[in-house]
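Student: Structure file structure11.pdb, PDB, C-alpha atoms, is pasted below:
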```
ATOM      1  CA  MET A   1      23.948 117.301   7.183
ATOM      2  CA  ARG A   2      25.652 114.016   7.978
ATOM      3  CA  TYR A   3      28.021 111.847   5.973
ATOM      4  CA  HIS A   4      29.478 108.352   6.015
ATOM      5  CA  ASN A   5      32.751 108.631   4.148
ATOM      6  CA  ILE A   6      35.069 110.735   2.019
ATOM      7  CA  THR A   7      36.733 108.649  -0.682
ATOM      8  CA  LYS A   8      39.972 109.885  -2.220
ATOM      9  CA  ASP A   9      41.423 109.149  -5.669
ATOM     10  CA  ASP A  10      38.136 107.545  -6.791
ATOM     11  CA  MET A  11      37.836 106.509 -10.457
ATOM     12  CA  LEU A  12      34.369 104.919 -10.404
ATOM     13  CA  ASN A  13      32.028 107.791  -9.586
ATOM     14  CA  GLY A  14      32.622 110.256 -12.385
ATOM     15  CA  GLU A  15      35.233 111.253 -14.895
ATOM     16  CA  GLY A  16      38.887 111.338 -13.835
ATOM     17  CA  LEU A  17      40.296 111.004 -10.334
ATOM     18  CA  ARG A  18      37.837 112.402  -7.831
ATOM     19  CA  VAL A  19      37.049 112.948  -4.205
ATOM     20  CA  VAL A  20      33.640 111.532  -3.234
ATOM     21  CA  LEU A  21      31.429 112.665  -0.368
ATOM     22  CA  TRP A  22      29.002 109.927   0.710
ATOM     23  CA  VAL A  23      26.155 111.696   2.503
ATOM     24  CA  ALA A  24      23.565 110.226   4.857
ATOM     25  CA  GLY A  25      19.867 110.270   4.063
ATOM     26  CA  CYS A  26      17.829 108.634   1.329
ATOM     27  CA  SER A  27      14.111 107.939   1.039
ATOM     28  CA  HIS A  28      14.139 105.976  -2.239
ATOM     29  CA  GLY A  29      14.804 102.515  -0.792
ATOM     30  CA  CYS A  30      16.051 100.989  -4.055
ATOM     31  CA  LYS A  31      16.099  97.183  -4.013
ATOM     32  CA  ASN A  32      19.682  95.910  -3.663
ATOM     33  CA  CYS A  33      21.111  99.404  -3.299
ATOM     34  CA  GLN A  34      24.924  99.356  -3.141
ATOM     35  CA  ASN A  35      24.924 101.486  -0.003
ATOM     36  CA  PRO A  36      21.811 100.990   2.192
ATOM     37  CA  ILE A  37      23.733 101.936   5.331
ATOM     38  CA  THR A  38      23.547 105.535   4.083
ATOM     39  CA  TRP A  39      19.730 105.680   4.014
ATOM     40  CA  ASP A  40      19.353 106.784   7.631
ATOM     41  CA  PRO A  41      19.624 110.597   7.729
ATOM     42  CA  ASN A  42      20.825 110.339  11.335
ATOM     43  CA  GLY A  43      23.561 107.837  10.516
ATOM     44  CA  GLY A  44      27.214 108.511   9.956
ATOM     45  CA  LEU A  45      29.004 111.589  11.243
ATOM     46  CA  PRO A  46      28.144 115.284  11.358
ATOM     47  CA  PHE A  47      29.562 117.116   8.337
ATOM     48  CA  ASP A  48      31.825 119.590  10.110
ATOM     49  CA  GLU A  49      34.666 121.983   9.282
ATOM     50  CA  ALA A  50      37.242 119.167   9.520
ATOM     51  CA  ALA A  51      35.373 117.130   6.887
ATOM     52  CA  LYS A  52      35.082 120.174   4.633
ATOM     53  CA  ALA A  53      38.803 120.914   5.079
ATOM     54  CA  GLU A  54      39.600 117.313   4.101
ATOM     55  CA  ILE A  55      37.602 117.708   0.871
ATOM     56  CA  PHE A  56      39.151 121.078   0.035
ATOM     57  CA  ALA A  57      42.670 119.703   0.616
ATOM     58  CA  GLU A  58      41.951 116.956  -1.910
ATOM     59  CA  LEU A  59      40.496 119.411  -4.439
ATOM     60  CA  GLU A  60      43.648 121.529  -4.236
ATOM     61  CA  LYS A  61      45.634 118.690  -5.806
ATOM     62  CA  ASP A  62      46.246 119.286  -9.518
ATOM     63  CA  TYR A  63      45.502 115.695 -10.493
ATOM     64  CA  ILE A  64      42.046 115.650  -8.861
ATOM     65  CA  SER A  65      39.379 116.293 -11.513
ATOM     66  CA  GLY A  66      36.646 117.272  -9.083
ATOM     67  CA  ILE A  67      34.140 116.101  -6.505
ATOM     68  CA  THR A  68      31.243 113.683  -6.622
ATOM     69  CA  PHE A  69      28.330 113.845  -4.202
ATOM     70  CA  SER A  70      26.719 110.465  -3.564
ATOM     71  CA  GLY A  71      25.228 108.588  -0.695
ATOM     72  CA  GLY A  72      22.428 108.124   0.355
ATOM     73  CA  ASP A  73      21.029 110.887  -1.762
ATOM     74  CA  PRO A  74      22.628 114.329  -1.694
ATOM     75  CA  LEU A  75      19.228 115.738  -2.691
ATOM     76  CA  TYR A  76      17.371 114.064   0.172
ATOM     77  CA  MET A  77      15.099 116.821   1.534
ATOM     78  CA  GLY A  78      17.143 117.213   4.719
ATOM     79  CA  ASN A  79      20.401 117.625   2.747
ATOM     80  CA  ARG A  80      19.418 120.165   0.114
ATOM     81  CA  GLU A  81      20.268 123.403   1.908
ATOM     82  CA  ASP A  82      23.671 122.223   3.165
ATOM     83  CA  MET A  83      24.509 120.533  -0.152
ATOM     84  CA  THR A  84      23.713 123.719  -2.061
ATOM     85  CA  ALA A  85      25.956 125.790   0.202
ATOM     86  CA  LEU A  86      28.800 123.272  -0.089
ATOM     87  CA  ALA A  87      28.482 122.957  -3.874
ATOM     88  CA  LYS A  88      28.471 126.765  -4.199
ATOM     89  CA  GLU A  89      31.591 127.142  -2.059
ATOM     90  CA  ILE A  90      33.414 124.429  -3.993
ATOM     91  CA  LYS A  91      32.481 125.913  -7.396
ATOM     92  CA  GLU A  92      33.573 129.392  -6.273
ATOM     93  CA  THR A  93      36.871 128.109  -4.856
ATOM     94  CA  PHE A  94      37.636 125.568  -7.596
ATOM     95  CA  PRO A  95      35.811 126.780 -10.737
ATOM     96  CA  ASP A  96      37.726 124.395 -13.031
ATOM     97  CA  LYS A  97      36.950 121.253 -11.009
ATOM     98  CA  LYS A  98      33.909 119.300 -12.201
ATOM     99  CA  THR A  99      31.124 118.576  -9.725
ATOM    100  CA  TRP A 100      29.075 115.401 -10.175
ATOM    101  CA  LEU A 101      26.021 114.379  -8.166
ATOM    102  CA  TYR A 102      24.186 111.054  -7.953
ATOM    103  CA  THR A 103      20.506 111.199  -7.074
ATOM    104  CA  GLY A 104      17.475 108.938  -7.173
ATOM    105  CA  TYR A 105      15.324 111.878  -8.233
ATOM    106  CA  LEU A 106      14.635 112.513 -11.912
ATOM    107  CA  TRP A 107      15.957 115.573 -13.724
ATOM    108  CA  GLU A 108      12.390 116.668 -14.334
ATOM    109  CA  GLU A 109      11.806 116.789 -10.547
ATOM    110  CA  ILE A 110      14.991 118.629  -9.560
ATOM    111  CA  SER A 111      16.155 120.774 -12.483
ATOM    112  CA  ALA A 112      14.858 123.979 -10.876
ATOM    113  CA  LEU A 113      16.684 123.475  -7.554
ATOM    114  CA  PRO A 114      19.224 126.212  -6.675
ATOM    115  CA  ILE A 115      22.064 123.657  -6.406
ATOM    116  CA  MET A 116      21.948 123.139 -10.190
ATOM    117  CA  ALA A 117      23.886 126.371 -10.713
ATOM    118  CA  TYR A 118      26.910 124.697  -9.104
ATOM    119  CA  LEU A 119      26.789 121.228 -10.681
ATOM    120  CA  ASP A 120      28.322 119.989 -13.917
ATOM    121  CA  VAL A 121      26.941 116.453 -14.192
ATOM    122  CA  ILE A 122      24.035 114.612 -12.567
ATOM    123  CA  VAL A 123      23.358 110.904 -12.681
ATOM    124  CA  ASP A 124      19.607 110.754 -12.093
ATOM    125  CA  GLY A 125      17.032 108.093 -11.368
ATOM    126  CA  ARG A 126      16.634 105.308  -8.884
ATOM    127  CA  PHE A 127      18.726 102.174  -9.153
ATOM    128  CA  VAL A 128      16.537  99.428 -10.643
ATOM    129  CA  GLU A 129      17.816  95.908  -9.931
ATOM    130  CA  GLU A 130      16.120  94.456 -13.023
ATOM    131  CA  LEU A 131      17.947  96.985 -15.229
ATOM    132  CA  LYS A 132      21.363  96.498 -13.610
ATOM    133  CA  ASP A 133      24.405  95.998 -15.825
ATOM    134  CA  PRO A 134      27.917  96.000 -14.341
ATOM    135  CA  GLN A 135      29.285  97.049 -17.749
ATOM    136  CA  LEU A 136      27.546 100.436 -17.593
ATOM    137  CA  HIS A 137      29.900 103.362 -17.192
ATOM    138  CA  TRP A 138      29.183 105.699 -14.226
ATOM    139  CA  LYS A 139      25.718 104.313 -13.511
ATOM    140  CA  GLY A 140      24.212 101.146 -12.078
ATOM    141  CA  SER A 141      21.094 100.564 -14.171
ATOM    142  CA  PHE A 142      19.940 101.378 -17.696
ATOM    143  CA  ASN A 143      17.178 103.764 -16.584
ATOM    144  CA  GLN A 144      19.667 106.173 -15.046
ATOM    145  CA  ARG A 145      20.829 109.123 -17.137
ATOM    146  CA  ILE A 146      24.127 111.007 -17.096
ATOM    147  CA  ILE A 147      23.113 114.626 -17.638
ATOM    148  CA  ASP A 148      25.155 117.679 -18.625
ATOM    149  CA  VAL A 149      23.610 120.106 -16.139
ATOM    150  CA  GLN A 150      24.883 123.432 -17.440
ATOM    151  CA  LYS A 151      24.127 122.665 -21.087
ATOM    152  CA  SER A 152      20.661 121.448 -20.092
ATOM    153  CA  LEU A 153      19.954 124.625 -18.135
ATOM    154  CA  GLU A 154      21.296 126.823 -20.927
ATOM    155  CA  LYS A 155      19.249 125.103 -23.653
ATOM    156  CA  GLY A 156      16.122 124.585 -21.549
ATOM    157  CA  THR A 157      15.989 120.879 -22.308
ATOM    158  CA  MET A 158      17.851 117.864 -20.952
ATOM    159  CA  TYR A 159      21.185 117.007 -22.609
ATOM    160  CA  LEU A 160      23.050 113.811 -21.890
ATOM    161  CA  TYR A 161      26.676 114.150 -20.856
ATOM    162  CA  HIS A 162      29.424 113.057 -23.218
ATOM    163  CA  ALA A 163      32.936 112.657 -21.851
ATOM    164  CA  GLU A 164      35.474 115.094 -23.230
TER     165      GLU A 164
END
```
The structure in this file should be written as structure tokens.
Tutor:
Amino acid sequence: MRYHNITKDDMLNGEGLRVVLWVAGCSHGCKNCQNPITWDPNGGLPFDEAAKAEIFAELEKDYISGITFSGGDPLYMGNREDMTALAKEIKETFPDKKTWLYTGYLWEEISALPIMAYLDVIVDGRFVEELKDPQLHWKGSFNQRIIDVQKSLEKGTMYLYHAE
């Protein structure tokens, strides 16, 4: 897996102060994507132990609410195995930190993936320029949904996330 950036003390990509991992690789090609540089799966830097240590050091801080995976697309086919392993390790090490993930895939396409066991919130769906609204909270276009992953898995149907 490769990544472009690790953002610290982020308030825009999920609830609370977060660390954000911007991964490389996306096949959606959304018109006017905010981050097209991340589409190339061979772009950026290799995700190595130093990058993981940087993320874990941030997550150890009491005031950090959790991690957000974005990109690119963390669920790009070439990222899925590594993302699942990373999400699992983070959830096991920091069970009270919330894990968010942004993806262009729809919940109906990805809800059975193994990574779901380690995620709290997913923002699903491609960014659609014609449905863009800068006033939207935690998403770029109206078609995207903010999904409570664990409640959805427990109930067997999709539940939208509501901030606590």
Student: Using all atoms listed in the file, which of A:Phe56, A:Phe142, A:Tyr105, A:Trp39 sits nearest Gly72 of chain A?
Tutor: A:Trp39
Student: Using all atoms listed in the file, pick whichever of A:Leu113, A:Leu101, A:Leu131, A:Ile147 has the shortest atom-to-atom distance to Gly66 of chain A.
Tutor: A:Leu101
Student: Please, which residues are within 12 Å of (23.4, 100.2, -13.9) by the file's coordinates, counting all atoms listed in the file, and could they come as a list in words?
Tutor: Asn32, Cys33, Gln34, Val123, Asp124, Gly125, Arg126, Phe127, Val128, Glu129, Glu130, Leu131, Lys132, Asp133, Pro134, Gln135, Leu136, His137, Trp138, Lys139, Gly140, Ser141, Phe142, Asn143, Gln144, Arg145 and Ile146 of chain A
Student: Could you jot down the atom CA of Gly16 of chain A to atom CA of Glu54 of chain A separation for me, Å, one decimal place?
Tutor: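 Distance reported for this atom pair: 18.9 Å.
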Student: List the residues matched by the PyMOL selection byres ((chain A and resi 5) around 7) in the displayed structure as a list in words, ordered by chain and then by residue number.
Tutor: Tyr3, His4, Ile6, Thr7, Leu21 and Trp22 of chain A
Student: Rounded to one decimal in Å, what is the spacing between atom CA of Lys98 of chain A and atom CA of Tyr159 of chain A?
Tutor: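 Pair atom CA of Lys98 of chain A / atom CA of Tyr159 of chain A returns 16.6 Å.
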Student: Would you mind telling me which residue in A:Cys30, A:Arg2, A:Arg80, A:Leu75 lies nearest to Lys52 of chain A when using all atoms listed in the file?
Tutor: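 Looking at the shortest contact to Lys52 of chain A, the residue is A:Arg2.
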Student: Given all atoms listed in the file as the basis, pick out the residue of A:Pro95, A:Gly25, A:Pro36, A:Gly43 nearest to Asp73 of chain A.
Tutor: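 Ranked by minimum distance to Asp73 of chain A, first place goes to A:Gly25.
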Student: With the PyMOL selection byres ((chain A and resi 111) around 12) as the selection, what would be picked from this file? Answer as a compact mmCIF listing (two decimals) with C-alpha atoms, in the coordinates of the input, please.
Tutor:
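Result went into selection.txt, see below:
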```
# COMPACT_ATOMS: atom_id res chain seq x y z
CA LEU A 75 19.23 115.74 -2.69
CA THR A 103 20.51 111.20 -7.07
CA TYR A 105 15.32 111.88 -8.23
CA LEU A 106 14.64 112.51 -11.91
CA TRP A 107 15.96 115.57 -13.72
CA GLU A 108 12.39 116.67 -14.33
CA GLU A 109 11.81 116.79 -10.55
CA ILE A 110 14.99 118.63 -9.56
CA ALA A 112 14.86 123.98 -10.88
CA LEU A 113 16.68 123.48 -7.55
CA PRO A 114 19.22 126.21 -6.68
CA ILE A 115 22.06 123.66 -6.41
CA MET A 116 21.95 123.14 -10.19
CA ALA A 117 23.89 126.37 -10.71
CA TYR A 118 26.91 124.70 -9.10
CA LEU A 119 26.79 121.23 -10.68
CA VAL A 121 26.94 116.45 -14.19
CA ILE A 122 24.04 114.61 -12.57
CA ASP A 124 19.61 110.75 -12.09
CA ILE A 147 23.11 114.63 -17.64
CA ASP A 148 25.16 117.68 -18.62
CA VAL A 149 23.61 120.11 -16.14
CA GLN A 150 24.88 123.43 -17.44
CA LYS A 151 24.13 122.66 -21.09
CA SER A 152 20.66 121.45 -20.09
CA LEU A 153 19.95 124.62 -18.14
CA GLU A 154 21.30 126.82 -20.93
CA GLY A 156 16.12 124.58 -21.55
CA THR A 157 15.99 120.88 -22.31
CA MET A 158 17.85 117.86 -20.95
CA TYR A 159 21.18 117.01 -22.61
```
Student: Find the residue from A:Leu59, A:Val23, A:Leu12, A:Leu160 that sits nearest to Gly78 of chain A; use only C-alpha atoms when measuring.
Tutor: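 The closest residue to Gly78 of chain A is A:Val23.
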Student: Give me, please, the distance in Å between atom CA of Met11 of chain A and atom CA of Gly71 of chain A, quoted to one decimal.
Tutor: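 According to the coordinates, atom CA of Met11 of chain A and atom CA of Gly71 of chain A are separated by 16.1 Å.
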Student: Quick one: residues within 8 Å of Leu17 of chain A, all atoms listed in the file, excluding same-chain residues fewer than 3 positions away - as a list in words?
Tutor: Asp9, Asp10, Met11, Gly14, Tyr63, Ile64, Ser65 and Gly66 of chain A
Student: Nearest to Thr84 of chain A: which of A:Ala163, A:Val19, A:Cys26, A:Met1 is it, counting all atoms listed in the file?
Tutor: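 Among the listed residues, the smallest separation from Thr84 of chain A belongs to A:Met1.
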Student: Once you count all atoms listed in the file, which residues end up no further than 10 Å from (10.6, 109.1, 4.1) in the file's frame, shown as an MDAnalysis selection string?
Tutor: chainID A and resid 25:29 39:41 76:77
